[in-house]
Structure formats: C-alpha cells, structure tokens
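A.B. asks: Supplied structure: start-v5.cif, mmCIF, C-alpha atoms and all ligand atoms.
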data_my_file
#
loop_
_atom_site.label_atom_id
_atom_site.label_comp_id
_atom_site.auth_asym_id
_atom_site.auth_seq_id
_atom_site.Cartn_x
_atom_site.Cartn_y
_atom_site.Cartn_z
CA MET Q 29 -35.76 21.80 14.41
CA ILE Q 30 -36.80 18.19 13.73
CA THR Q 31 -40.47 19.16 14.01
CA ASP Q 32 -39.91 21.90 11.42
CA THR Q 33 -38.35 19.38 9.05
CA ILE Q 34 -41.05 16.73 9.24
CA GLN Q 35 -44.21 18.72 9.90
CA GLU Q 36 -45.34 18.67 6.27
CA THR Q 37 -45.42 14.89 6.11
CA HIS Q 38 -46.17 14.02 9.73
CA ARG Q 39 -48.81 14.73 12.31
CA ILE Q 40 -46.94 15.82 15.42
CA TYR Q 41 -48.30 15.46 18.94
CA LYS Q 42 -46.63 17.47 21.69
CA PHE Q 43 -46.94 16.44 25.36
CA GLU Q 44 -45.86 18.71 28.22
CA VAL Q 45 -45.42 16.44 31.21
CA GLU Q 46 -44.53 16.63 34.91
CA THR Q 47 -44.47 13.80 37.45
CA ASP Q 48 -47.48 15.07 39.39
CA ASP Q 49 -49.57 14.54 36.22
CA VAL Q 50 -49.50 10.84 37.08
CA GLY Q 51 -49.63 10.78 40.86
CA TYR Q 52 -45.95 11.05 41.78
CA GLY Q 53 -45.92 14.49 43.33
CA LYS Q 54 -43.88 17.24 41.77
CA GLN Q 55 -40.33 15.94 41.34
CA CYS Q 56 -38.93 18.62 39.05
CA ARG Q 57 -38.81 16.31 36.05
CA ARG Q 58 -40.66 18.52 33.60
CA ALA Q 59 -40.31 17.27 30.07
CA ARG Q 60 -41.63 17.82 26.59
CA LYS Q 61 -42.25 14.74 24.50
CA TYR Q 62 -43.10 14.55 20.82
CA HIS Q 63 -44.79 11.78 18.91
CA ALA Q 64 -44.85 11.89 15.11
CA MET Q 65 -47.06 9.84 12.79
CA ILE Q 66 -46.71 9.71 9.03
CA ASP Q 67 -49.79 11.59 7.94
CA ASP Q 68 -51.39 9.24 5.42
CA ARG Q 69 -50.50 5.89 7.07
CA VAL Q 70 -52.52 5.85 10.29
CA ALA Q 71 -55.93 7.30 11.02
CA MET Q 72 -55.73 7.97 14.75
CA LEU Q 73 -58.88 7.09 16.71
CA ALA Q 74 -58.60 10.17 18.93
CA ASP Q 75 -56.14 12.89 19.90
CA PRO Q 76 -53.54 11.32 22.27
CA VAL Q 77 -52.69 14.70 23.81
CA ALA Q 78 -56.33 15.18 24.80
CA LEU Q 79 -56.34 11.66 26.24
CA TYR Q 80 -53.18 12.39 28.24
CA GLU Q 81 -54.97 15.45 29.69
CA LYS Q 82 -57.83 13.15 30.74
CA ILE Q 83 -55.39 10.74 32.43
CA LYS Q 84 -53.93 13.75 34.24
CA THR Q 85 -57.35 14.83 35.49
CA ASN Q 86 -57.90 11.37 36.97
CA PHE Q 87 -54.69 11.69 39.01
CA GLU Q 88 -55.44 15.16 40.33
CA THR Q 89 -56.53 13.94 43.75
CA ALA Q 90 -54.08 11.05 43.94
CA SER Q 91 -50.76 12.83 44.11
CA ALA Q 92 -48.14 11.27 46.41
CA GLY Q 93 -45.65 13.37 48.34
CA SER Q 94 -43.02 15.07 46.28
CA GLU Q 95 -39.85 15.27 48.33
CA ALA Q 96 -36.76 13.45 47.17
CA GLY Q 97 -36.26 12.32 50.78
CA MET Q 98 -39.14 9.91 50.24
CA SER Q 99 -36.95 7.96 47.82
CA MET Q 100 -34.30 7.34 50.49
CA ILE Q 101 -35.37 3.75 50.96
CA ALA Q 102 -32.12 1.74 50.98
CA GLY Q 103 -31.93 -0.61 53.93
CA GLN Q 104 -28.85 -1.30 56.05
CA VAL Q 105 -27.92 -4.47 54.15
CA GLU Q 106 -27.89 -2.66 50.79
CA LEU Q 107 -25.90 0.23 52.29
CA ASP Q 108 -23.34 -2.11 53.90
CA ILE Q 109 -22.81 -3.99 50.63
CA ALA Q 110 -22.40 -0.73 48.67
CA LEU Q 111 -19.95 0.73 51.19
CA LYS Q 112 -17.88 -2.45 51.29
CA ARG Q 113 -17.70 -2.44 47.51
CA LYS Q 114 -16.37 1.09 47.67
CA CYS Q 115 -13.84 0.77 50.51
CA GLN Q 116 -12.86 -2.83 49.70
CA CYS Q 117 -11.89 -3.74 53.26
CA GLU Q 118 -11.14 -7.44 53.67
CA SER Q 119 -12.68 -7.56 57.17
CA ASP Q 120 -13.45 -5.40 60.22
CA CYS Q 121 -14.70 -2.46 58.18
CA VAL Q 122 -15.17 0.70 60.22
CA CYS Q 123 -15.36 2.99 57.17
CA THR Q 124 -17.83 5.81 56.74
CA TRP Q 125 -19.31 7.17 53.54
CA ALA Q 126 -17.70 10.55 54.23
CA GLY Q 127 -14.33 8.77 54.38
CA GLN Q 128 -14.81 7.57 50.79
CA LEU Q 129 -15.00 11.07 49.32
CA THR Q 130 -12.06 12.49 47.44
CA GLU Q 131 -10.44 15.64 48.74
CA GLY Q 132 -12.14 17.69 46.03
CA GLN Q 133 -15.54 16.24 46.84
CA ARG Q 134 -15.03 16.98 50.54
CA THR Q 135 -14.09 20.59 49.79
CA ARG Q 136 -17.11 21.02 47.53
CA LEU Q 137 -19.42 19.43 50.12
CA GLN Q 138 -18.27 21.96 52.71
CA ALA Q 139 -18.78 24.80 50.24
CA TYR Q 140 -22.31 23.57 49.47
CA LYS Q 141 -23.11 23.40 53.20
CA ASN Q 142 -21.90 26.95 53.74
CA ILE Q 143 -24.01 28.27 50.86
CA TRP Q 144 -27.05 26.30 52.08
CA LYS Q 145 -26.80 27.76 55.60
CA LYS Q 146 -26.41 31.27 54.25
CA LYS Q 147 -29.22 30.96 51.72
CA PHE Q 148 -31.83 28.97 53.64
CA GLY Q 149 -30.89 29.85 57.26
CA MET Q 150 -30.65 26.21 58.27
CA LYS Q 151 -27.85 23.66 58.58
CA ALA Q 152 -27.88 21.26 55.63
CA GLU Q 153 -27.30 18.35 58.03
CA ALA Q 154 -30.64 19.09 59.68
CA ASP Q 155 -32.52 19.48 56.41
CA LYS Q 156 -33.91 16.39 54.69
CA ARG Q 157 -34.32 18.42 51.51
CA ALA Q 158 -30.58 19.06 51.07
CA PHE Q 159 -28.93 17.08 48.25
CA PHE Q 160 -25.70 18.11 46.54
CA HIS Q 161 -23.93 16.85 43.44
CA LEU Q 162 -20.35 16.67 44.63
CA ASN Q 163 -18.64 16.61 41.24
CA ASP Q 164 -19.96 20.06 40.35
CA ASN Q 165 -18.28 23.02 42.00
CA PRO Q 166 -20.80 25.24 43.82
CA LYS Q 167 -18.37 28.12 43.37
CA TYR Q 168 -19.51 28.18 39.74
CA ARG Q 169 -22.86 26.42 39.81
CA CYS Q 170 -24.97 24.81 42.55
CA VAL Q 171 -26.20 21.46 41.27
CA TRP Q 172 -28.42 20.66 44.22
CA SER Q 173 -31.97 20.12 45.38
CA GLY Q 174 -32.50 23.73 46.37
CA GLN Q 175 -35.35 24.31 48.77
CA LYS Q 176 -37.81 22.49 46.52
CA GLY Q 177 -36.34 19.23 47.79
CA CYS Q 178 -36.11 17.53 44.39
CA PHE Q 179 -33.00 15.61 43.38
CA PRO Q 180 -30.79 17.57 40.99
CA THR Q 181 -31.19 16.44 37.36
CA ILE Q 182 -29.81 12.95 37.12
CA ARG Q 183 -27.18 12.60 34.43
CA ARG Q 184 -25.56 9.48 33.13
CA GLY Q 185 -22.19 8.90 34.76
CA MET Q 186 -22.56 11.65 37.34
CA GLY Q 187 -20.66 11.65 40.66
CA PRO Q 188 -22.16 11.20 44.11
CA VAL Q 189 -25.44 12.96 44.89
CA TRP Q 190 -24.91 13.55 48.60
CA SER Q 191 -27.60 13.68 51.26
CA ALA Q 192 -26.36 16.00 54.00
CA TYR Q 193 -29.04 14.69 56.35
CA HIS Q 194 -28.24 11.00 55.81
CA LYS Q 195 -24.50 11.67 55.53
CA ARG Q 196 -24.16 9.37 52.54
CA PRO Q 197 -24.60 9.38 48.79
CA VAL Q 198 -27.98 8.55 47.32
CA MET Q 199 -27.94 4.92 46.15
CA ALA Q 200 -28.62 4.09 42.50
CA SER Q 201 -31.72 2.18 43.63
CA GLU Q 202 -32.98 5.38 45.27
CA LEU Q 203 -32.34 7.50 42.18
CA LEU Q 204 -34.24 4.90 40.16
CA THR Q 205 -37.08 4.97 42.70
CA SER Q 206 -37.31 8.74 42.22
CA MET Q 207 -37.59 8.16 38.46
CA GLY Q 208 -40.53 5.81 38.94
CA TRP Q 209 -38.75 2.44 38.82
CA HIS Q 210 -39.97 0.09 41.55
CA VAL Q 211 -36.72 -1.62 42.47
CA SER Q 212 -37.78 -2.38 46.05
CA PRO Q 213 -40.52 -4.93 46.78
CA GLY Q 214 -42.11 -2.48 49.24
CA SER Q 215 -42.51 0.39 46.80
CA ALA Q 216 -43.80 -1.97 44.08
CA ALA Q 217 -46.38 -3.45 46.44
CA ALA Q 218 -47.50 0.03 47.56
CA VAL Q 219 -48.63 0.96 44.06
CA GLY Q 220 -49.52 -2.54 42.85
CA VAL Q 221 -46.99 -2.87 40.03
CA PRO Q 222 -44.44 -5.64 39.36
CA PHE Q 223 -41.21 -5.48 41.36
CA VAL Q 224 -38.18 -5.00 39.10
CA PRO Q 225 -35.43 -7.12 40.67
CA PHE Q 226 -31.74 -6.20 40.58
CA ASN Q 227 -28.56 -7.87 41.77
CA THR Q 228 -26.06 -5.10 42.29
CA ASP Q 229 -26.30 -1.37 42.13
CA MET Q 230 -23.39 -1.22 39.69
CA HIS Q 231 -25.46 -1.74 36.56
CA LEU Q 232 -28.25 0.42 37.93
CA HIS Q 233 -25.92 3.41 37.75
CA ARG Q 234 -25.72 2.92 33.99
CA LEU Q 235 -29.51 3.05 33.72
CA VAL Q 236 -30.03 6.26 35.65
CA GLY Q 237 -29.42 9.28 33.62
CA ASN Q 238 -31.81 10.56 31.05
CA ALA Q 239 -34.05 12.42 33.50
CA MET Q 240 -37.20 10.80 32.07
CA HIS Q 241 -39.69 9.68 34.67
CA LEU Q 242 -40.98 6.19 33.92
CA ALA Q 243 -44.58 6.98 34.84
CA ASN Q 244 -44.61 9.98 32.49
CA VAL Q 245 -43.19 7.99 29.59
CA THR Q 246 -45.62 5.15 30.28
CA ALA Q 247 -48.65 7.46 30.42
CA VAL Q 248 -47.66 9.14 27.15
CA MET Q 249 -47.12 5.73 25.50
CA ALA Q 250 -50.45 4.47 26.84
CA ALA Q 251 -52.27 7.51 25.46
CA ILE Q 252 -50.63 7.10 22.04
CA LEU Q 253 -51.29 3.35 21.85
CA ALA Q 254 -54.90 3.72 22.98
CA CYS Q 255 -55.49 6.18 20.11
CA THR Q 256 -53.76 4.02 17.48
CA PRO Q 257 -55.88 1.45 15.59
CA LYS Q 258 -54.97 -2.16 16.36
CA THR Q 259 -53.41 -4.48 13.80
CA PRO Q 260 -53.31 -8.24 14.32
CA GLY Q 261 -50.01 -9.56 15.67
CA PRO Q 262 -48.26 -11.07 18.69
CA THR Q 263 -49.00 -9.50 22.07
CA LEU Q 264 -47.04 -9.59 25.30
CA ASP Q 265 -48.38 -9.11 28.79
CA THR Q 266 -47.56 -5.52 29.82
CA ALA Q 267 -45.89 -6.48 33.09
CA ASP Q 268 -43.70 -9.11 31.39
CA ALA Q 269 -42.79 -6.64 28.67
CA LEU Q 270 -41.76 -4.04 31.26
CA VAL Q 271 -39.50 -6.43 33.17
CA ALA Q 272 -38.02 -7.76 29.90
CA ALA Q 273 -37.27 -4.23 28.72
CA PHE Q 274 -35.65 -3.32 32.05
CA ASN Q 275 -33.45 -6.44 32.02
CA ALA Q 276 -32.42 -5.80 28.43
CA PHE Q 277 -31.17 -2.35 29.44
CA ALA Q 278 -29.63 -3.51 32.69
CA HIS Q 279 -27.39 -6.25 31.35
ZN ZN N 301 -14.19 -0.42 54.91
#
For this file, produce the structure as structure tokens.

C.D. replies:
Amino acid sequence: MITDTIQETHRIYKFEVETDDVGYGKQCRRARKYHAMIDDRVAMLADPVALYEKIKTNFETASAGSEAGMSMIAGQVELDIALKRKCQCESDCVCTWAGQLTEGQRTRLQAYKNIWKKKFGMKAEADKRAFFHLNDNPKYRCVWSGQKGCFPTIRRGMGPVWSAYHKRPVMASELLTSMGWHVSPGSAAAVGVPFVPFNTDMHLHRLVGNAMHLANVTAVMAAILACTPKTPGPTLDTADALVAAFNAFAH
C-alpha cells in the first residue's frame, strides 16, 4: 500500500532476501525489504538490487550449516545463571528447567511431543531439530521448528522456545545468534567480526523479536550505501557504529 502511495515521487527498490544469500544457511527468515529514494534528489550510481544479487553470488559456495541446533551455544555458566534467576533459590539449587514451566506450558509441551512423534516418526527428545513455542497451543496451531529445523519465527515478548533434545528453553543469546548477532566471543571470532558484549540475558530478550536477520539487513544496507553518491560529513568506523547501535537498543 505504501509503495502504491509513493511510487510517483520515489524510486522504489525491492529486495527479496533469505539468510543463505549471505552465507548463513537457510534459517527460514525470508523477508522482503523496500528502499525508497525521492526521485529527483539522488542520482544513484548503480542499481542496489543488482548489487545485492552480486553479493549473493559471492556467497553461493560459502553457506554455513542451517540448523537451529547450531545456535545452541550457551555454556554451563550462562545456563546456571539463567536458571538461578528463574528459580530464585537462595542456595543448594537442584532445580531443572522443566520444573520452571507452568502447568499450561507442560501440557502444551507434551501435546507437541505427541504430534511430533506421530508426524515425523521419531521422539522429539532424540531429535535436535525439535523446537516448540510453549505459549502457543499446538491443538490450534503448531508454532515449532517442523522438520526443517529452523527456530519458529521469533516474536517480541514470546514465551519459552523449548528444545526437546536439550530439555531447556533456548537462551536469548542463542536466539540472537540465530539472527546473526555475535554475542559469544567464539562465534564472533569464527567469522571475524566484532564481539557484541552483553551482561545479562534479560535485556537481550527485548531485542529479539522482529525476525530480521542482521546479515540480511547489513547486506541490503551495504548495497544501498555503495550505490549512493557520497557527501562530505563525519564518518564512524563500521565496527564501532555497529556496537554503538546495539548498545543503544540494549539499554
Ligand atoms: Zn533453584
């Protein structure tokens, strides 16, 4: 509708993107992005959509694995801190993640497991691809990974996304990892980008939720900026700008 309204005065560029365009494997984060320029203000140097296609071609042989299970990177220390925050034991904590679920979540988890077994012929507990959103009732709608093994669409303020295999919810840091944010030093080092530090996973939960993959957004932005003529002005190192933007959102 917006494109209909502004198409007479603006040049509109439409990008169809998926995470494997930029080397992340297919993570079921298909998206359509639009960029609009006021027609008579900027003479673009080249077509950014064509440039994005070129970027995509360069990543064709560099695709990483695609399964959500690869984002399950939280170490024991992070898991212990998160569980303790949830159960709030003073000392001698013997709690489990399953013990933290509400009765409704437990019922829905069992229902998901039953449907999984029936549909895919395999116990969800033995399947690394099985992820369930426990605040949606599978009786009406399965909000899960399905056999593709991708996380269900991440929404702001959603309930626990449960890994049947790991018997725990997916941590916010892991959801962010699946959206292309390098919040662990290891994953940042693996792809040679700056590590985005975080203190608690509380504020991370507020960040996760618009289902836009960072690498896709970045590639689209890079294509647009590369095709836009430069004007003199202050510049900021890209890595510094990225960390500053993340911190601005996170706090
Ligand atoms: Zn406890």

A.B. asks: Have a look at Q:Thr33, Q:Gln128, Q:Thr85, Q:Thr135 and name the one nearest to ligand ZN 301 (chain N); count all atoms listed in the file.

C.D. replies: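 Smallest separation from ligand ZN 301 (chain N) among the options: Q:Gln128.
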
A.B. asks: May I ask you to write as number ranges by chain all residues lying at most 8 Å from ligand ZN 301 (chain N), with only C-alpha atoms and all ligand atoms counted?

C.D. replies: Q: 111-112, 114-124

A.B. asks: From the options Q:Gly51, Q:Met199, Q:Gly103, Q:Asp75, which residue's atoms come nearest to Q:Pro213, counting all atoms listed in the file?

C.D. replies: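 That would be Q:Gly103, the residue with the smallest distance to Q:Pro213.
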
A.B. asks: Please, what distance in Å, to one decimal, runs between atom CA of Q:Thr256 and atom CA of Q:Met72?

C.D. replies: 5.2 Å

A.B. asks: To one decimal in Å, tell me the separation between atom CA of Q:Ala126 and atom CA of Q:Lys156.

C.D. replies: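 A separation of 17.2 Å between them.
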
A.B. asks: Which of these residues is nearest to Q:Arg169, using all atoms listed in the file: Q:Lys147, Q:Ala200, Q:Ala192, Q:Tyr140?

C.D. replies: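 Smallest distance to Q:Arg169 is found for Q:Tyr140.
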
A.B. asks: Would you compute the distance between atom CA of Q:Ser99 and atom CA of Q:Trp144? Give it in Å to one decimal.

C.D. replies: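 Atom CA of Q:Trp144 lies at a distance of 21.3 Å from atom CA of Q:Ser99.
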
A.B. asks: Taking only C-alpha atoms into account, name the residue in Q:Gln35, Q:Ser201, Q:Ser206, Q:Asn165 that is nearest to Q:Gln133.

C.D. replies: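 Ranked by minimum distance to Q:Gln133, first place goes to Q:Asn165.
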
A.B. asks: For Q:Phe87, list every protein, DNA or RNA residue within 8 Å, evaluated using all atoms listed in the file, and leave out those in the same chain fewer than 5 positions away; present the list as a JSON list (two decimals) with C-alpha atoms, keeping the file's coordinate frame.

C.D. replies:
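To be explicit, this is the file written out as result12.json:
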[["chain", "number", "residue", "atom", "x", "y", "z"],
["Q", 48, "ASP", "CA", -47.48, 15.07, 39.39],
["Q", 49, "ASP", "CA", -49.57, 14.54, 36.22],
["Q", 50, "VAL", "CA", -49.50, 10.84, 37.08],
["Q", 51, "GLY", "CA", -49.63, 10.78, 40.86]]

A.B. asks: Looking at all atoms listed in the file, which of Q:Glu131, Q:Gln138, Q:Tyr193, Q:Ala247 is the one that sits closest to Q:Ala152?

C.D. replies: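 Between Q:Glu131, Q:Gln138, Q:Tyr193, Q:Ala247, the residue approaching Q:Ala152 most closely is Q:Tyr193.
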
A.B. asks: May I ask which of the residues Q:Thr47, Q:Tyr52, Q:Ser173, Q:Arg58 is the closest one to Q:Val219, counting only C-alpha atoms?

C.D. replies: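 Residue with the minimum atom-to-atom distance to Q:Val219: Q:Tyr52.
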
A.B. asks: Residues around (-39.9, 3.9, 40.4), cut-off 10 Å, counting all atoms listed in the file - what are they as a PDB file with C-alpha atoms, in the frame of the given file?

C.D. replies:
ATOM      1  CA  TYR Q  52     -45.950  11.050  41.780  1.00  0.00           C
ATOM      2  CA  SER Q  99     -36.950   7.960  47.820  1.00  0.00           C
ATOM      3  CA  SER Q 201     -31.720   2.180  43.630  1.00  0.00           C
ATOM      4  CA  GLU Q 202     -32.980   5.380  45.270  1.00  0.00           C
ATOM      5  CA  LEU Q 203     -32.340   7.500  42.180  1.00  0.00           C
ATOM      6  CA  LEU Q 204     -34.240   4.900  40.160  1.00  0.00           C
ATOM      7  CA  THR Q 205     -37.080   4.970  42.700  1.00  0.00           C
ATOM      8  CA  SER Q 206     -37.310   8.740  42.220  1.00  0.00           C
ATOM      9  CA  MET Q 207     -37.590   8.160  38.460  1.00  0.00           C
ATOM     10  CA  GLY Q 208     -40.530   5.810  38.940  1.00  0.00           C
ATOM     11  CA  TRP Q 209     -38.750   2.440  38.820  1.00  0.00           C
ATOM     12  CA  HIS Q 210     -39.970   0.090  41.550  1.00  0.00           C
ATOM     13  CA  VAL Q 211     -36.720  -1.620  42.470  1.00  0.00           C
ATOM     14  CA  SER Q 212     -37.780  -2.380  46.050  1.00  0.00           C
ATOM     15  CA  SER Q 215     -42.510   0.390  46.800  1.00  0.00           C
ATOM     16  CA  ALA Q 216     -43.800  -1.970  44.080  1.00  0.00           C
ATOM     17  CA  VAL Q 219     -48.630   0.960  44.060  1.00  0.00           C
ATOM     18  CA  VAL Q 221     -46.990  -2.870  40.030  1.00  0.00           C
ATOM     19  CA  PHE Q 223     -41.210  -5.480  41.360  1.00  0.00           C
ATOM     20  CA  VAL Q 224     -38.180  -5.000  39.100  1.00  0.00           C
ATOM     21  CA  HIS Q 241     -39.690   9.680  34.670  1.00  0.00           C
ATOM     22  CA  LEU Q 242     -40.980   6.190  33.920  1.00  0.00           C
ATOM     23  CA  ALA Q 243     -44.580   6.980  34.840  1.00  0.00           C
TER      24      ALA Q 243
END

A.B. asks: Generate the coordinates of N, CA and C atoms for stretch 103-136 of chain Q; report them as a JSON list (two decimals), in the frame of the given file.

C.D. replies:
[["chain", "number", "residue", "atom", "x", "y", "z"],
["Q", 103, "GLY", "N", -32.06, -0.03, 52.60],
["Q", 103, "GLY", "CA", -31.93, -0.61, 53.93],
["Q", 103, "GLY", "C", -30.47, -0.81, 54.29],
["Q", 104, "GLN", "N", -30.22, -1.19, 55.56],
["Q", 104, "GLN", "CA", -28.85, -1.30, 56.05],
["Q", 104, "GLN", "C", -28.03, -2.32, 55.26],
["Q", 105, "VAL", "N", -28.67, -3.42, 54.87],
["Q", 105, "VAL", "CA", -27.92, -4.47, 54.15],
["Q", 105, "VAL", "C", -27.40, -3.93, 52.81],
["Q", 106, "GLU", "N", -28.29, -3.24, 52.09],
["Q", 106, "GLU", "CA", -27.89, -2.66, 50.79],
["Q", 106, "GLU", "C", -26.77, -1.64, 50.99],
["Q", 107, "LEU", "N", -26.90, -0.80, 52.04],
["Q", 107, "LEU", "CA", -25.90, 0.23, 52.29],
["Q", 107, "LEU", "C", -24.55, -0.40, 52.66],
["Q", 108, "ASP", "N", -24.58, -1.45, 53.49],
["Q", 108, "ASP", "CA", -23.34, -2.11, 53.90],
["Q", 108, "ASP", "C", -22.62, -2.71, 52.69],
["Q", 109, "ILE", "N", -23.40, -3.36, 51.82],
["Q", 109, "ILE", "CA", -22.81, -3.99, 50.63],
["Q", 109, "ILE", "C", -22.18, -2.91, 49.74],
["Q", 110, "ALA", "N", -22.90, -1.81, 49.55],
["Q", 110, "ALA", "CA", -22.40, -0.73, 48.67],
["Q", 110, "ALA", "C", -21.14, -0.09, 49.24],
["Q", 111, "LEU", "N", -21.12, 0.11, 50.57],
["Q", 111, "LEU", "CA", -19.95, 0.73, 51.19],
["Q", 111, "LEU", "C", -18.73, -0.19, 51.10],
["Q", 112, "LYS", "N", -18.96, -1.45, 51.36],
["Q", 112, "LYS", "CA", -17.88, -2.45, 51.29],
["Q", 112, "LYS", "C", -17.30, -2.53, 49.87],
["Q", 113, "ARG", "N", -18.17, -2.38, 48.90],
["Q", 113, "ARG", "CA", -17.70, -2.44, 47.51],
["Q", 113, "ARG", "C", -16.79, -1.24, 47.22],
["Q", 114, "LYS", "N", -17.12, -0.14, 47.87],
["Q", 114, "LYS", "CA", -16.37, 1.09, 47.67],
["Q", 114, "LYS", "C", -15.03, 1.05, 48.41],
["Q", 115, "CYS", "N", -15.07, 0.69, 49.71],
["Q", 115, "CYS", "CA", -13.84, 0.77, 50.51],
["Q", 115, "CYS", "C", -12.95, -0.46, 50.32],
["Q", 116, "GLN", "N", -13.58, -1.58, 49.97],
["Q", 116, "GLN", "CA", -12.86, -2.83, 49.70],
["Q", 116, "GLN", "C", -12.06, -3.36, 50.87],
["Q", 117, "CYS", "N", -12.54, -3.14, 52.09],
["Q", 117, "CYS", "CA", -11.89, -3.74, 53.26],
["Q", 117, "CYS", "C", -12.07, -5.24, 53.22],
["Q", 118, "GLU", "N", -11.05, -5.98, 53.64],
["Q", 118, "GLU", "CA", -11.14, -7.44, 53.67],
["Q", 118, "GLU", "C", -12.07, -7.85, 54.81],
["Q", 119, "SER", "N", -11.84, -7.24, 56.00],
["Q", 119, "SER", "CA", -12.68, -7.56, 57.17],
["Q", 119, "SER", "C", -12.66, -6.36, 58.11],
["Q", 120, "ASP", "N", -13.40, -6.45, 59.19],
["Q", 120, "ASP", "CA", -13.45, -5.40, 60.22],
["Q", 120, "ASP", "C", -13.57, -3.99, 59.65],
["Q", 121, "CYS", "N", -14.55, -3.78, 58.81],
["Q", 121, "CYS", "CA", -14.70, -2.46, 58.18],
["Q", 121, "CYS", "C", -15.30, -1.46, 59.16],
["Q", 122, "VAL", "N", -14.60, -0.36, 59.37],
["Q", 122, "VAL", "CA", -15.17, 0.70, 60.22],
["Q", 122, "VAL", "C", -15.29, 1.99, 59.39],
["Q", 123, "CYS", "N", -15.35, 1.83, 58.07],
["Q", 123, "CYS", "CA", -15.36, 2.99, 57.17],
["Q", 123, "CYS", "C", -16.68, 3.75, 57.25],
["Q", 124, "THR", "N", -16.61, 5.00, 56.87],
["Q", 124, "THR", "CA", -17.83, 5.81, 56.74],
["Q", 124, "THR", "C", -17.94, 6.24, 55.29],
["Q", 125, "TRP", "N", -19.13, 6.66, 54.90],
["Q", 125, "TRP", "CA", -19.31, 7.17, 53.54],
["Q", 125, "TRP", "C", -18.50, 8.44, 53.32],
["Q", 126, "ALA", "N", -18.46, 9.29, 54.36],
["Q", 126, "ALA", "CA", -17.70, 10.55, 54.23],
["Q", 126, "ALA", "C", -16.22, 10.25, 53.95],
["Q", 127, "GLY", "N", -15.72, 9.15, 54.56],
["Q", 127, "GLY", "CA", -14.33, 8.77, 54.38],
["Q", 127, "GLY", "C", -14.01, 8.33, 52.96],
["Q", 128, "GLN", "N", -15.03, 8.02, 52.17],
["Q", 128, "GLN", "CA", -14.81, 7.57, 50.79],
["Q", 128, "GLN", "C", -14.73, 8.72, 49.79],
["Q", 129, "LEU", "N", -15.01, 9.93, 50.25],
["Q", 129, "LEU", "CA", -15.00, 11.07, 49.32],
["Q", 129, "LEU", "C", -13.57, 11.46, 48.99],
["Q", 130, "THR", "N", -13.38, 11.97, 47.80],
["Q", 130, "THR", "CA", -12.06, 12.49, 47.44],
["Q", 130, "THR", "C", -11.89, 13.86, 48.12],
["Q", 131, "GLU", "N", -10.68, 14.35, 48.10],
["Q", 131, "GLU", "CA", -10.44, 15.64, 48.74],
["Q", 131, "GLU", "C", -11.28, 16.74, 48.09],
["Q", 132, "GLY", "N", -11.35, 16.68, 46.76],
["Q", 132, "GLY", "CA", -12.14, 17.69, 46.03],
["Q", 132, "GLY", "C", -13.62, 17.62, 46.40],
["Q", 133, "GLN", "N", -14.12, 16.40, 46.50],
["Q", 133, "GLN", "CA", -15.54, 16.24, 46.84],
["Q", 133, "GLN", "C", -15.82, 16.76, 48.26],
["Q", 134, "ARG", "N", -14.86, 16.50, 49.16],
["Q", 134, "ARG", "CA", -15.03, 16.98, 50.54],
["Q", 134, "ARG", "C", -15.05, 18.51, 50.59],
["Q", 135, "THR", "N", -14.15, 19.12, 49.83],
["Q", 135, "THR", "CA", -14.09, 20.59, 49.79],
["Q", 135, "THR", "C", -15.39, 21.16, 49.23],
["Q", 136, "ARG", "N", -15.88, 20.52, 48.15],
["Q", 136, "ARG", "CA", -17.11, 21.02, 47.53],
["Q", 136, "ARG", "C", -18.32, 20.81, 48.44]]
